[in-house]
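Structure first, commentary second.
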Amino acid sequence: MTTRIYFLNFTWLAVVLGIFYQSNLILSVEMSLFILSIFFIIGIFSIKFSPFSVLSRLGILVYSMPFMHGFEYLNFDFYIRHRWVWGLTPNLYNMNPEIVSRLLMVGAIGLVSLVSGMLLAKQLRTTHFMKASEPKFIESPKATLNLKWMIAFLLLSVLFSWIFAPQDTILEAYYTRAGKSIASGINFNAAWLVSYVMIAAAYLDAMAESSPFKKRIKSMLVLGASLIIIIFLQYLRGKRDCAGLIAALLGLFLLDRTSGSTPLKGLFQGKIRFAKLVVVACLSFSAVASMQMVGYLRSKSVGRDVVQAASEGAENLTFITGTWSAALETPLSVIGDFYFGIMNLHWGSTYRDYLLSLPPGIVAHFLGIQRPIESSQGPAFEMRYGLGGTHILVVPLMNFGIVGVIGFMMLFGFFLGRIESKVNSDERFSFRLFYASILIVIPFWFWYGDMYLIRSIMACFAVLLLYRFLTRDRSKSFILTSLLPKKTLA
């Protein structure tokens, strides 16, 4: 079957399931879990835009992780008292079989739609439209930062992470009681995001460096700045936002082909890819394990021996519950409120609030503008259950119902697939920085809300402008090849 046929079949499946849901023909828990499992496997193993397809696969993984708690409901007794459900305190909604069935069915519809959108992007890539020549930028190989500007650039990125970090470490105060960050005082809560995009820009700059000596120095500087941010300004402060930074750096590492060389061929190329994949897999596992330990230690390390606390954290390490568990409570809240008639459709008002909240926090604070979506208000505060943030399903569902879920999840799938399909062939600095910026916010976008995606794109443009300014005297202008005059015979 061709990609087009798969796309049409999956789209029809999403629509039919949506009609069933709207007609109160709710699938059983087992059937919804079966659909979730099948389309997770299809998305991870069958949809490939490149050898690794990091962005699309990460999107499917992050979307699906909360719904793994659905397997707890196989042979689950709703009518006895449970101490924990999803690793959290049980509530009226996750102990209601009707609401749980609806939750898992909406999750299945969303995943089918997400995969369908990615297939559309893959289909368009193979059409004549996608094969047609596209404008590309001519980039000078010398358009990189000199070492002095690289050091200043990285120091600035560390500074942004420092002002975002809580004032106290997890050894000095409990995470929830730690002193507020400088960034929160000036309403610059996206400081961490700007910092991570700058690290990604520095990594790309190092990979584009033509001098082997400077490339090694820059790579060491990027590694050093990244470790300072991850260990001292994140883990020791009880923060885990560096998940996005790690994802972006590993994703860019898988893209790097050693600057200026032609792609390796045959068996040697396969061995290089396998070696990279092993390195990334090991680092990813280590990162997830360390973040889970930080989540445990940040409320238990005060006044204790560090080694003893770390040992206890390792003993209690789990990959079953985490941030994704709380994220699942947000679509549960919306579905439960709709089920009991407590919530009405918002009909796009949340998206209007997105537009009104576009001014950066520090600008809004300076001008005295009150944005509809702030750290203290927004869709997350409409949730009956949850620990902050909203799953990517929530806003489409609460605004347009199941139609919104199908439409927006297809759009998001197409967005991720379109980026993934271009990034391996389009080696422009600007596009790869955009790719890294999306990687940085994938977990936050999918588990905390769409504003993270919007802020990431804004941060990308801001960092790109700064980078172009710093390299302006050492690079040629970017010229669209489609606008270059064609040579003609005299």
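Residues in the structure tokens are named by chain (A, B, ... in the order shown) and by number from 1 within that chain; ligands are numbered from 1 in the order shown.
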Neighbouring residues of segment 417-428 of chain A were defined as those with any atom within 7 Å, considering only C-alpha atoms; residues of the same chain fewer than 4 positions away were excluded. Please report them as an NGL selection string. :A and (49-50 or 53 or 55-56 or 118 or 121-122 or 137 or 255 or 413 or 432 or 435)
Please run DSSP on the backbone and report, as number ranges by chain, all residues within segment 58-279 of chain A that come out as helix (DSSP H, G or I). A: 58-73, 97-125, 128-131, 147-164, 175-177, 182-185, 191-208, 212-232, 235-237, 242-255, 266-279
Nearest to Ile19 of chain A, chosen from A:Ile163, A:Ile109, A:Leu283, A:Leu88, with only C-alpha atoms counted in the distances: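 Looking at the shortest contact to Ile19 of chain A, the residue is A:Ile109.
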Compile the contact shell of Pro97 of chain A as a PyMOL selection string: residues with an atom at most 12 Å away, counting only C-alpha atoms, same-chain residues fewer than 5 positions apart removed. chain A and resi 26-29+70+73-79+92+102-104+332+336+339
Quick one: everything within 10 Å of His365 of chain A, counting only C-alpha atoms, minus sequence neighbours fewer than 5 positions away in the same chain. Send it as number ranges by chain. A: 185-188, 359-360, 370-371
Find, counting only C-alpha atoms, the residue in A:Phe153, A:Tyr351, A:Phe446, A:Phe381 that gets nearest to Leu470 of chain A.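 Going through A:Phe153, A:Tyr351, A:Phe446, A:Phe381 one by one, the smallest distance to Leu470 of chain A is for A:Phe153.
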Within 12 Å of segment 8-12 of chain A, counting only C-alpha atoms, which residues show up once you throw out same-chain ones fewer than 4 positions away? Write them as a ChimeraX atom specification, please. /A:1-4,16-19,35,38-39,42-43,108-120,123,406-407,409-410
Spatial neighbours of Ile457 of chain A, 7 Å, only C-alpha atoms, chain gap at least 4 places, as a short mmCIF file (atom, residue, chain, number, x, y, z; two decimals) with C-alpha atoms, in the first residue's frame:
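Final file, part19.cif:
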data_model
loop_
_atom_site.label_atom_id
_atom_site.label_comp_id
_atom_site.auth_asym_id
_atom_site.auth_seq_id
_atom_site.Cartn_x
_atom_site.Cartn_y
_atom_site.Cartn_z
CA SER A 437 14.05 24.83 18.83
CA LEU A 453 5.77 26.10 20.96
CA PHE A 461 14.08 34.16 15.67
#
